[in-house]
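Chemist: For reference, the file data.pdb (PDB, C-alpha atoms and all ligand atoms) is included below:
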```pdb
MODEL        1
ATOM      1  CA  MET A   1       0.000   0.000   0.000
ATOM      2  CA  PRO A   2       1.496   3.389  -0.982
ATOM      3  CA  ASP A   3       2.592   5.637   1.836
ATOM      4  CA  GLN A   4      -0.230   8.157   1.321
ATOM      5  CA  ASP A   5      -2.852   5.451   1.870
ATOM      6  CA  ARG A   6      -1.086   4.155   4.972
ATOM      7  CA  ILE A   7      -0.794   7.676   6.347
ATOM      8  CA  ARG A   8      -4.525   8.134   5.736
ATOM      9  CA  GLN A   9      -5.223   4.793   7.441
ATOM     10  CA  VAL A  10      -3.288   5.888  10.523
ATOM     11  CA  ALA A  11      -4.870   9.376  10.515
ATOM     12  CA  GLN A  12      -8.335   7.781  10.507
ATOM     13  CA  ARG A  13      -7.406   5.464  13.383
ATOM     14  CA  LEU A  14      -6.118   8.430  15.395
ATOM     15  CA  ALA A  15      -9.212  10.520  14.557
ATOM     16  CA  ARG A  16     -11.573   7.980  16.108
ATOM     17  CA  ALA A  17      -9.324   6.747  18.946
ATOM     18  CA  ARG A  18     -10.421   7.519  22.503
ATOM     19  CA  ALA A  19      -7.049   6.632  24.039
ATOM     20  CA  VAL A  20      -3.658   7.209  22.405
ATOM     21  CA  THR A  21      -0.126   6.737  23.751
ATOM     22  CA  VAL A  22       2.954   8.129  22.021
ATOM     23  CA  LEU A  23       6.563   7.007  22.622
ATOM     24  CA  THR A  24       9.299   9.280  21.304
ATOM     25  CA  GLY A  25      13.067   9.030  20.993
ATOM     26  CA  ALA A  26      15.920  11.216  19.779
ATOM     27  CA  GLY A  27      14.642  11.057  16.191
ATOM     28  CA  ILE A  28      11.805  13.496  16.897
ATOM     29  CA  SER A  29      14.334  16.090  18.070
ATOM     30  CA  ALA A  30      16.774  15.430  15.212
ATOM     31  CA  ASP A  31      14.634  17.756  13.077
ATOM     32  CA  SER A  32      15.222  20.468  15.694
ATOM     33  CA  GLY A  33      18.974  20.061  15.316
ATOM     34  CA  VAL A  34      19.567  17.949  18.442
ATOM     35  CA  PRO A  35      22.057  15.143  17.628
ATOM     36  CA  THR A  36      20.744  11.599  18.036
ATOM     37  CA  PHE A  37      22.638   8.996  20.054
ATOM     38  CA  ARG A  38      23.292   6.288  17.542
ATOM     39  CA  GLY A  39      23.272   8.171  14.271
ATOM     40  CA  ALA A  40      26.357   9.432  12.418
ATOM     41  CA  ASP A  41      26.445  12.514  14.663
ATOM     42  CA  GLY A  42      25.940  10.393  17.778
ATOM     43  CA  LEU A  43      29.444  10.728  19.154
ATOM     44  CA  TRP A  44      31.135  13.398  21.247
ATOM     45  CA  ARG A  45      34.930  13.387  21.243
ATOM     46  CA  ASN A  46      34.644   9.685  20.215
ATOM     47  CA  TYR A  47      32.738   8.774  23.368
ATOM     48  CA  ARG A  48      29.403   6.915  23.076
ATOM     49  CA  ALA A  49      26.457   7.768  25.331
ATOM     50  CA  GLU A  50      26.881   4.390  27.067
ATOM     51  CA  ASP A  51      30.440   5.428  28.066
ATOM     52  CA  LEU A  52      29.399   8.682  29.714
ATOM     53  CA  ALA A  53      25.790   8.255  30.835
ATOM     54  CA  SER A  54      26.478   5.940  33.765
ATOM     55  CA  PRO A  55      27.044   6.256  37.533
ATOM     56  CA  GLU A  56      30.438   4.552  37.086
ATOM     57  CA  ALA A  57      31.587   7.172  34.554
ATOM     58  CA  PHE A  58      30.415   9.965  36.865
ATOM     59  CA  GLU A  59      32.133   8.360  39.861
ATOM     60  CA  ARG A  60      35.360   7.963  37.887
ATOM     61  CA  ASN A  61      35.392  11.344  36.173
ATOM     62  CA  PRO A  62      32.570  13.758  37.095
ATOM     63  CA  ARG A  63      34.358  16.595  35.311
ATOM     64  CA  LEU A  64      34.285  14.755  31.941
ATOM     65  CA  VAL A  65      30.607  13.797  32.364
ATOM     66  CA  TRP A  66      29.731  17.397  33.234
ATOM     67  CA  GLU A  67      31.690  18.619  30.185
ATOM     68  CA  TRP A  68      29.494  16.366  28.010
ATOM     69  CA  TYR A  69      26.287  17.543  29.637
ATOM     70  CA  ASN A  70      27.361  21.198  29.478
ATOM     71  CA  TRP A  71      28.086  20.747  25.768
ATOM     72  CA  ARG A  72      24.587  19.280  25.286
ATOM     73  CA  ARG A  73      22.912  21.941  27.437
ATOM     74  CA  GLU A  74      24.595  24.721  25.443
ATOM     75  CA  LEU A  75      23.515  23.086  22.190
ATOM     76  CA  ILE A  76      19.940  22.296  23.247
ATOM     77  CA  ALA A  77      19.473  25.808  24.699
ATOM     78  CA  THR A  78      19.562  27.105  21.095
ATOM     79  CA  LYS A  79      17.028  24.566  19.733
ATOM     80  CA  SER A  80      13.265  24.801  19.414
ATOM     81  CA  PRO A  81      10.435  22.302  19.027
ATOM     82  CA  ASN A  82       9.642  21.316  15.420
ATOM     83  CA  PRO A  83       6.283  20.593  13.696
ATOM     84  CA  ALA A  84       6.337  17.004  15.003
ATOM     85  CA  HIS A  85       6.444  18.208  18.633
ATOM     86  CA  TYR A  86       3.615  20.677  17.965
ATOM     87  CA  ALA A  87       1.517  18.048  16.148
ATOM     88  CA  LEU A  88       1.650  15.915  19.322
ATOM     89  CA  VAL A  89       0.369  18.876  21.367
ATOM     90  CA  GLN A  90      -2.554  19.119  18.916
ATOM     91  CA  LEU A  91      -3.187  15.372  19.209
ATOM     92  CA  GLU A  92      -3.202  15.650  23.019
ATOM     93  CA  GLN A  93      -5.910  18.312  22.773
ATOM     94  CA  ARG A  94      -8.062  16.182  20.467
ATOM     95  CA  VAL A  95      -7.901  12.766  22.118
ATOM     96  CA  GLY A  96      -9.868  11.984  25.286
ATOM     97  CA  ARG A  97      -7.103   9.991  26.983
ATOM     98  CA  PHE A  98      -3.573  10.852  25.794
ATOM     99  CA  TRP A  99      -0.179  10.088  27.270
ATOM    100  CA  LEU A 100       3.240  10.989  25.862
ATOM    101  CA  ILE A 101       6.243   8.921  26.984
ATOM    102  CA  THR A 102       9.553  10.403  25.933
ATOM    103  CA  GLN A 103      13.063   9.019  26.253
ATOM    104  CA  ASN A 104      14.420  12.449  25.334
ATOM    105  CA  VAL A 105      15.949  14.625  28.025
ATOM    106  CA  ASP A 106      15.979  17.814  25.880
ATOM    107  CA  GLY A 107      12.721  19.254  27.259
ATOM    108  CA  LEU A 108      11.393  20.090  23.766
ATOM    109  CA  HIS A 109       8.021  18.355  24.297
ATOM    110  CA  ARG A 110       7.439  20.478  27.411
ATOM    111  CA  ALA A 111       8.572  23.581  25.501
ATOM    112  CA  ALA A 112       6.055  22.783  22.734
ATOM    113  CA  GLY A 113       3.235  22.623  25.313
ATOM    114  CA  SER A 114       2.779  18.886  25.960
ATOM    115  CA  GLN A 115       1.122  18.372  29.371
ATOM    116  CA  ASN A 116       0.365  14.645  29.764
ATOM    117  CA  LEU A 117       4.018  13.695  29.603
ATOM    118  CA  SER A 118       6.489  11.305  31.263
ATOM    119  CA  GLU A 119      10.155  12.159  30.722
ATOM    120  CA  ILE A 120      11.219   8.620  31.609
ATOM    121  CA  HIS A 121      14.961   9.276  31.250
ATOM    122  CA  GLY A 122      14.829  12.601  33.093
ATOM    123  CA  ASN A 123      15.473  16.136  31.928
ATOM    124  CA  ILE A 124      18.784  17.811  31.074
ATOM    125  CA  TRP A 125      17.580  21.086  32.680
ATOM    126  CA  LYS A 126      17.223  19.416  36.098
ATOM    127  CA  VAL A 127      20.110  18.810  38.523
ATOM    128  CA  ARG A 128      20.103  16.568  41.610
ATOM    129  CA  CYS A 129      22.320  16.771  44.696
ATOM    130  CA  THR A 130      24.275  13.546  45.206
ATOM    131  CA  ALA A 131      24.330  14.245  48.964
ATOM    132  CA  CYS A 132      20.871  15.515  49.974
ATOM    133  CA  GLY A 133      18.889  14.470  46.880
ATOM    134  CA  ARG A 134      17.412  17.938  46.264
ATOM    135  CA  VAL A 135      16.261  18.375  42.624
ATOM    136  CA  ASP A 136      16.226  21.825  40.995
ATOM    137  CA  GLU A 137      15.567  23.234  37.539
ATOM    138  CA  ASP A 138      18.731  24.983  36.411
ATOM    139  CA  HIS A 139      19.067  26.595  32.996
ATOM    140  CA  THR A 140      22.523  28.130  33.632
ATOM    141  CA  VAL A 141      24.667  27.591  30.524
ATOM    142  CA  PRO A 142      27.351  26.507  31.100
ATOM    143  CA  LEU A 143      27.088  25.253  34.673
ATOM    144  CA  ALA A 144      30.220  25.416  36.819
ATOM    145  CA  LEU A 145      32.242  22.396  35.752
ATOM    146  CA  LEU A 146      31.660  20.782  39.148
ATOM    147  CA  PRO A 147      28.412  22.373  40.390
ATOM    148  CA  HIS A 148      27.530  22.131  44.073
ATOM    149  CA  CYS A 149      24.277  22.112  46.008
ATOM    150  CA  PRO A 150      23.150  25.568  47.272
ATOM    151  CA  ARG A 151      21.849  23.854  50.423
ATOM    152  CA  CYS A 152      24.524  21.359  51.488
ATOM    153  CA  GLN A 153      27.431  21.930  49.080
ATOM    154  CA  GLY A 154      27.120  18.324  47.855
ATOM    155  CA  LEU A 155      28.172  17.575  44.258
ATOM    156  CA  LEU A 156      25.314  18.022  41.777
ATOM    157  CA  ARG A 157      24.627  15.520  38.980
ATOM    158  CA  PRO A 158      22.245  15.700  36.018
ATOM    159  CA  HIS A 159      18.751  14.544  37.065
ATOM    160  CA  ILE A 160      18.850  11.967  34.314
ATOM    161  CA  VAL A 161      18.433   8.168  34.347
ATOM    162  CA  TRP A 162      21.802   6.680  33.409
ATOM    163  CA  PHE A 163      22.522   3.198  32.092
ATOM    164  CA  GLY A 164      22.274   0.703  34.930
ATOM    165  CA  GLU A 165      19.925   2.995  36.866
ATOM    166  CA  SER A 166      16.249   2.224  37.335
ATOM    167  CA  LEU A 167      13.550   4.485  35.978
ATOM    168  CA  ALA A 168      11.307   6.264  38.486
ATOM    169  CA  PRO A 169       8.661   3.737  39.625
ATOM    170  CA  GLU A 170       5.848   6.252  39.013
ATOM    171  CA  ASP A 171       7.046   6.783  35.425
ATOM    172  CA  LEU A 172       7.079   3.026  34.819
ATOM    173  CA  GLU A 173       3.649   2.523  36.382
ATOM    174  CA  ARG A 174       2.117   5.434  34.433
ATOM    175  CA  SER A 175       3.700   4.199  31.187
ATOM    176  CA  HIS A 176       2.454   0.622  31.636
ATOM    177  CA  GLU A 177      -1.020   1.899  32.522
ATOM    178  CA  ALA A 178      -1.110   3.997  29.316
ATOM    179  CA  LEU A 179       0.309   1.190  27.158
ATOM    180  CA  ARG A 180      -2.254  -1.324  28.412
ATOM    181  CA  SER A 181      -5.246   0.958  27.894
ATOM    182  CA  SER A 182      -4.519   2.631  24.551
ATOM    183  CA  GLU A 183      -6.207   1.905  21.244
ATOM    184  CA  VAL A 184      -3.204   3.311  19.357
ATOM    185  CA  LEU A 185       0.500   3.446  20.225
ATOM    186  CA  LEU A 186       2.507   5.818  18.020
ATOM    187  CA  ILE A 187       6.313   5.265  18.179
ATOM    188  CA  ILE A 188       8.352   8.139  16.766
ATOM    189  CA  GLY A 189      12.106   8.334  16.198
ATOM    190  CA  THR A 190      13.529   5.668  18.471
ATOM    191  CA  SER A 191      16.040   2.959  17.576
ATOM    192  CA  GLY A 192      14.269   0.617  19.978
ATOM    193  CA  VAL A 193      17.447  -0.720  21.629
ATOM    194  CA  VAL A 194      17.259   0.807  25.098
ATOM    195  CA  TYR A 195      15.243  -0.996  27.763
ATOM    196  CA  PRO A 196      12.757  -0.814  29.350
ATOM    197  CA  ALA A 197      11.376   1.630  26.688
ATOM    198  CA  ALA A 198      12.140  -0.978  24.004
ATOM    199  CA  SER A 199       9.641  -3.314  25.683
ATOM    200  CA  PHE A 200       6.774  -0.797  25.431
ATOM    201  CA  ALA A 201       5.740  -1.725  21.873
ATOM    202  CA  PRO A 202       5.292  -5.457  22.646
ATOM    203  CA  ILE A 203       3.379  -4.546  25.835
ATOM    204  CA  ALA A 204       0.938  -2.351  23.893
ATOM    205  CA  LYS A 205       0.620  -4.926  21.095
ATOM    206  CA  ALA A 206      -0.159  -7.689  23.576
ATOM    207  CA  ALA A 207      -2.865  -5.452  25.062
ATOM    208  CA  GLY A 208      -4.496  -5.071  21.644
ATOM    209  CA  ALA A 209      -3.258  -1.647  20.556
ATOM    210  CA  PHE A 210      -2.833  -0.672  16.920
ATOM    211  CA  VAL A 211       0.910   0.131  16.795
ATOM    212  CA  VAL A 212       2.430   2.608  14.344
ATOM    213  CA  GLU A 213       6.120   3.473  13.882
ATOM    214  CA  VAL A 214       7.534   6.632  12.299
ATOM    215  CA  ASN A 215      11.267   6.351  11.579
ATOM    216  CA  LEU A 216      13.829   6.965   8.863
ATOM    217  CA  ASP A 217      14.998   3.355   9.057
ATOM    218  CA  ALA A 218      13.768  -0.082  10.052
ATOM    219  CA  THR A 219      14.159  -0.879  13.756
ATOM    220  CA  PRO A 220      13.659  -3.946  16.003
ATOM    221  CA  HIS A 221      10.037  -2.754  16.306
ATOM    222  CA  THR A 222       9.346  -2.761  12.553
ATOM    223  CA  ASP A 223       8.339  -6.438  12.269
ATOM    224  CA  LEU A 224       5.970  -6.118  15.209
ATOM    225  CA  VAL A 225       4.082  -2.906  14.341
ATOM    226  CA  ASP A 226       0.850  -2.715  12.319
ATOM    227  CA  VAL A 227       2.030   0.205  10.159
ATOM    228  CA  SER A 228       5.615   1.405   9.678
ATOM    229  CA  LEU A 229       5.886   4.865   8.089
ATOM    230  CA  GLN A 230       9.316   5.704   6.697
ATOM    231  CA  GLY A 231      10.055   9.438   6.799
ATOM    232  CA  ARG A 232      11.216  12.398   8.840
ATOM    233  CA  ALA A 233       9.131  13.040  11.952
ATOM    234  CA  LYS A 234       8.653  16.737  11.137
ATOM    235  CA  ASP A 235       7.133  15.809   7.740
ATOM    236  CA  THR A 236       5.190  12.677   8.671
ATOM    237  CA  VAL A 237       3.690  13.349  12.129
ATOM    238  CA  PRO A 238       1.725  16.496  11.119
ATOM    239  CA  LYS A 239       0.165  14.505   8.258
ATOM    240  CA  LEU A 240      -1.286  12.068  10.817
ATOM    241  CA  LEU A 241      -3.450  14.894  12.146
ATOM    242  CA  ALA A 242      -4.741  16.141   8.813
TER
HETATM  243  C1  LIG B   1      17.375  -0.197  33.567
HETATM  244  C2  LIG B   1      19.969   9.265  29.482
HETATM  245  C3  LIG B   1      16.950  -1.621  35.384
HETATM  246  C4  LIG B   1      21.320   9.616  29.064
HETATM  247  C5  LIG B   1      19.454   7.175  28.522
HETATM  248  C6  LIG B   1      21.388  -6.052  27.798
HETATM  249  C7  LIG B   1      20.170  -6.340  27.208
HETATM  250  C8  LIG B   1      19.036  -5.578  27.470
HETATM  251  C9  LIG B   1      19.104  -4.496  28.346
HETATM  252  C10 LIG B   1      20.319  -4.197  28.924
HETATM  253  C11 LIG B   1      21.462  -4.975  28.665
HETATM  254  N1  LIG B   1      22.503  -4.443  29.360
HETATM  255  C12 LIG B   1      22.051  -3.381  30.068
HETATM  256  C13 LIG B   1      20.723  -3.232  29.829
HETATM  257  C14 LIG B   1      19.825  -2.224  30.385
HETATM  258  C15 LIG B   1      20.065  -0.889  29.691
HETATM  259  C16 LIG B   1      19.902  -1.001  28.200
HETATM  260  O1  LIG B   1      18.799  -1.101  27.700
HETATM  261  N2  LIG B   1      21.043  -0.976  27.487
HETATM  262  C17 LIG B   1      20.984  -1.060  26.039
HETATM  263  C18 LIG B   1      22.020  -0.113  25.449
HETATM  264  C19 LIG B   1      21.222  -2.523  25.648
HETATM  265  N3  LIG B   1      19.004  -0.028  30.192
HETATM  266  C20 LIG B   1      19.184   0.607  31.351
HETATM  267  O2  LIG B   1      20.220   0.571  31.997
HETATM  268  C21 LIG B   1      17.967   1.350  31.856
HETATM  269  N4  LIG B   1      17.739   1.015  33.228
HETATM  270  O3  LIG B   1      17.292  -1.114  32.783
HETATM  271  O4  LIG B   1      17.114  -0.316  34.918
HETATM  272  C22 LIG B   1      18.320  -2.040  35.798
HETATM  273  C23 LIG B   1      18.799  -1.553  36.997
HETATM  274  C24 LIG B   1      20.069  -1.962  37.427
HETATM  275  C25 LIG B   1      20.851  -2.828  36.617
HETATM  276  C26 LIG B   1      20.351  -3.262  35.377
HETATM  277  C27 LIG B   1      19.087  -2.866  34.969
HETATM  278  C28 LIG B   1      18.194   2.851  31.772
HETATM  279  C29 LIG B   1      18.092   3.263  30.338
HETATM  280  C30 LIG B   1      18.173   4.781  30.268
HETATM  281  C31 LIG B   1      19.568   5.151  29.867
HETATM  282  N5  LIG B   1      19.601   6.598  29.681
HETATM  283  N6  LIG B   1      19.440   8.474  28.432
HETATM  284  C32 LIG B   1      21.239  10.944  28.383
HETATM  285  O5  LIG B   1      20.356  11.138  27.520
HETATM  286  O6  LIG B   1      22.099  11.759  28.714
HETATM  287  S1  LIG B   1      19.185   6.273  27.125
HETATM  288  C33 LIG B   1      19.507   7.166  25.722
HETATM  289  O7  LIG B   1      19.133   6.285  24.637
HETATM  290  C34 LIG B   1      18.636   8.405  25.495
HETATM  291  O8  LIG B   1      17.747   8.679  26.545
HETATM  292  C35 LIG B   1      17.823   8.033  24.262
HETATM  293  O9  LIG B   1      16.573   8.593  24.292
HETATM  294  C36 LIG B   1      17.770   6.587  24.416
HETATM  295  C37 LIG B   1      17.261   5.773  23.284
HETATM  296  O10 LIG B   1      17.877   6.216  22.108
HETATM  297  P1  LIG B   1      16.878   6.796  20.987
HETATM  298  O11 LIG B   1      16.027   7.857  21.608
HETATM  299  O12 LIG B   1      16.179   5.671  20.340
HETATM  300  O13 LIG B   1      17.885   7.509  20.024
HETATM  301  P2  LIG B   1      18.835   6.800  18.954
HETATM  302  O14 LIG B   1      19.869   7.797  18.570
HETATM  303  O15 LIG B   1      19.250   5.455  19.470
HETATM  304  O16 LIG B   1      17.877   6.524  17.704
HETATM  305  C38 LIG B   1      17.308   7.614  17.003
HETATM  306  C39 LIG B   1      16.267   7.006  16.079
HETATM  307  O17 LIG B   1      15.607   8.067  15.401
HETATM  308  C40 LIG B   1      16.869   6.112  15.020
HETATM  309  O18 LIG B   1      16.042   4.963  14.881
HETATM  310  C41 LIG B   1      16.819   6.971  13.745
HETATM  311  O19 LIG B   1      16.581   6.185  12.585
HETATM  312  C42 LIG B   1      15.605   7.808  14.016
HETATM  313  N7  LIG B   1      15.639   9.125  13.370
HETATM  314  C43 LIG B   1      16.712   9.948  13.187
HETATM  315  N8  LIG B   1      16.300  11.099  12.606
HETATM  316  C44 LIG B   1      14.955  11.001  12.444
HETATM  317  C45 LIG B   1      14.527   9.744  12.921
HETATM  318  N9  LIG B   1      13.243   9.350  12.890
HETATM  319  C46 LIG B   1      12.346  10.208  12.366
HETATM  320  N10 LIG B   1      12.668  11.436  11.896
HETATM  321  C47 LIG B   1      13.952  11.858  11.912
HETATM  322  N11 LIG B   1      14.265  13.068  11.426
HETATM  323 ZN    ZN B   2      22.484  18.960  48.733
ENDMDL
END
```
Write the structure described by the file as structure tokens, please.
Modeler:
Amino acid sequence: MPDQDRIRQVAQRLARARAVTVLTGAGISADSGVPTFRGADGLWRNYRAEDLASPEAFERNPRLVWEWYNWRRELIATKSPNPAHYALVQLEQRVGRFWLITQNVDGLHRAAGSQNLSEIHGNIWKVRCTACGRVDEDHTVPLALLPHCPRCQGLLRPHIVWFGESLAPEDLERSHEALRSSEVLLIIGTSGVVYPAASFAPIAKAAGAFVVEVNLDATPHTDLVDVSLQGRAKDTVPKLLA
């Protein structure tokens, strides 16, 4: 079936759905100029995200990890949501029960106006004290290379879920609740390799959802989904609301 017909098929499903869940990854922000993790531009000084986004890396060299996050904060501070982010805000306003699960830490969904949102890997604009646990929003760019807590002087870390760290229980519960009760799951711009987010598509499928993927390439989800739309998020997602 040509792409236009499949896009129309998905748009009709979304138009009559009473409950929709969306899962996004770095691909939705690529069109805003934010580098993805595993694409050609996915490296920073030849480090991979898995090398730097871990408690071990932070323990071993907090300065290097903060350099990476400061580089990303400076870059993301200049980026804006794109038509795909805004189309999801529109979808949220149209659908009775809507939940957006994002793996992205760039804050662009919030900036676009998404409300029913779980940032399951955290947010790059939040910092957490490693001593007293206090979490604050901090948009200072760049942060002091080793930032300290205004309350107890403890070392601050990004309030982000690193590899080997568990997601917040309430984020997991809310995500599973949405995945089990949605008529449609829309997966946009994720390579589907990072768990537990990579298990969300099978969970929704098993619960009877109609699952749609928007990506430039095939992913581990592609064989499982009902419709796979190949294209850029900023071009394809707005068409699903037409
Ligand atoms: C956990 C914060 C329990 C960092 C991130 C072996 C097997 C299975 C699992 C594991 C294993 N070994 C370890 C694990 C667990 C591990 C994991 O899954 N590892 C993977 C690498 C195998 N997971 C964890 O550790 C998680 N925690 O499991 O807790 C536990 C507890 C203790 C001990 C063990 C387990 C925590 C995972 C969270 C890690 N933190 N982010 C930061 O951002 O600074 S993950 C990181 O990857 C980002 O958050 C990112 O969002 C996420 C996923 O990447 P994507 O978003 O998919 O981005 P990617 O670049 O990969 O792909 C982009 C896609 O977009 C591509 O498909 C591309 O084609 C597409 N695209 C590009 N441009 C466009 C586009 N699509 C459309 N339009 C475009 N224009
Ligand atoms: Zn503190």
Chemist: Using all atoms listed in the file, find each residue with an atom at most 7 Å away from ligand ZN 2 (chain B) and format the answer as a list in words.
Modeler: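 The neighbouring residues of ligand ZN 2 (chain B) are, in order, Cys129, Thr130, Ala131, Cys132, Gly133, Arg134, Cys149, Pro150, Arg151, Cys152, Gln153 and Gly154 of chain A.
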Chemist: For the PyMOL selection byres (((chain A and resi 123-127) around 9) and not hetatm), applied here, can you spell out every residue it catches as an mmCIF file with C-alpha atoms, in the coordinates of the input?
Modeler:
```cif
data_model
loop_
_atom_site.group_PDB
_atom_site.id
_atom_site.type_symbol
_atom_site.label_atom_id
_atom_site.label_comp_id
_atom_site.auth_asym_id
_atom_site.auth_seq_id
_atom_site.Cartn_x
_atom_site.Cartn_y
_atom_site.Cartn_z
ATOM 1 C CA TYR A 69 26.287 17.543 29.637
ATOM 2 C CA ARG A 72 24.587 19.280 25.286
ATOM 3 C CA ARG A 73 22.912 21.941 27.437
ATOM 4 C CA ASN A 104 14.420 12.449 25.334
ATOM 5 C CA VAL A 105 15.949 14.625 28.025
ATOM 6 C CA ASP A 106 15.979 17.814 25.880
ATOM 7 C CA GLY A 107 12.721 19.254 27.259
ATOM 8 C CA GLU A 119 10.155 12.159 30.722
ATOM 9 C CA ILE A 120 11.219 8.620 31.609
ATOM 10 C CA HIS A 121 14.961 9.276 31.250
ATOM 11 C CA GLY A 122 14.829 12.601 33.093
ATOM 12 C CA ARG A 128 20.103 16.568 41.610
ATOM 13 C CA CYS A 129 22.320 16.771 44.696
ATOM 14 C CA ARG A 134 17.412 17.938 46.264
ATOM 15 C CA VAL A 135 16.261 18.375 42.624
ATOM 16 C CA ASP A 136 16.226 21.825 40.995
ATOM 17 C CA GLU A 137 15.567 23.234 37.539
ATOM 18 C CA ASP A 138 18.731 24.983 36.411
ATOM 19 C CA HIS A 139 19.067 26.595 32.996
ATOM 20 C CA THR A 140 22.523 28.130 33.632
ATOM 21 C CA LEU A 156 25.314 18.022 41.777
ATOM 22 C CA ARG A 157 24.627 15.520 38.980
ATOM 23 C CA PRO A 158 22.245 15.700 36.018
ATOM 24 C CA HIS A 159 18.751 14.544 37.065
ATOM 25 C CA ILE A 160 18.850 11.967 34.314
ATOM 26 C CA VAL A 161 18.433 8.168 34.347
#
```
Chemist: Which value, in Å to one decimal, gives the distance between atom CA of A:Ser166 and atom N6 of ligand LIG 1 (chain B)?
Modeler: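 Computing it gives 11.3 Å between the two atoms.
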Chemist: Pick the closest to ligand LIG 1 (chain B) from A:Ala168, A:Ala26, A:Val227, A:Ala87: which is it, counting all atoms listed in the file?
Modeler: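 Nearest candidate to ligand LIG 1 (chain B) out of A:Ala168, A:Ala26, A:Val227, A:Ala87: A:Ala26.
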Chemist: Which residue is closest to A:Asp217? Choose from A:Ala53, A:Leu143, A:Leu229, A:Leu108 and count all atoms listed in the file.
Modeler: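 Of A:Ala53, A:Leu143, A:Leu229, A:Leu108, the one nearest A:Asp217, counting all atoms listed in the file, is A:Leu229.
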Chemist: Nearest to ligand LIG 1 (chain B): which of A:Ala233, A:Leu100, A:Leu240, A:Leu172 is it, counting only C-alpha atoms and all ligand atoms?
Modeler: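 Ranked by minimum distance to ligand LIG 1 (chain B), first place goes to A:Ala233.
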Chemist: Which residues would end up in the selection if the PyMOL selection byres (((not hetatm)) within 7 of (chain B and resi 1)) were applied here, given that I need the answer as a PyMOL selection string?
Modeler: chain A and resi 24-28+30-31+36-39+42+49-50+53+103-105+121+160-167+188-196+214-217+219+231-234
Chemist: Return as a ChimeraX atom specification the set of residues that the PyMOL selection byres (((chain A and resi 2-15) around 10) and not hetatm) yields on the displayed structure.
Modeler: /A:1,16-20,91,94-95,183-186,210-212,226-231,236-242
Chemist: Hey, can you check how far atom CA of A:Arg174 sits from atom CA of A:Ala218?
Modeler: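 Interatomic distance, atom CA of A:Arg174 to atom CA of A:Ala218: 27.6 Å.
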Chemist: State, in Å with one decimal place, the distance from atom CA of A:Pro169 to atom CA of A:Ser181.
Modeler: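 Result for atom CA of A:Pro169 versus atom CA of A:Ser181: 18.4 Å, one decimal.
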Chemist: For A:Gln115, which residue among A:Arg97, A:Pro81, A:Glu92, A:Glu74 is the nearest when counting only C-alpha atoms?
Modeler: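 Between A:Arg97, A:Pro81, A:Glu92, A:Glu74, the residue approaching A:Gln115 most closely is A:Glu92.
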Chemist: Looking at all atoms listed in the file, which of A:Ala197, A:Ala57, A:Ile187, A:Leu23 is the one that sits closest to A:Thr222?
Modeler: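 Residue with the minimum atom-to-atom distance to A:Thr222: A:Ile187.
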Chemist: Could you check which of A:His109, A:Gly208, A:Thr78, A:Trp66 is closest to A:Leu155, using all atoms listed in the file?
Modeler: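 Once distances to A:Leu155 are computed over all atoms listed in the file, the minimum belongs to A:Trp66.
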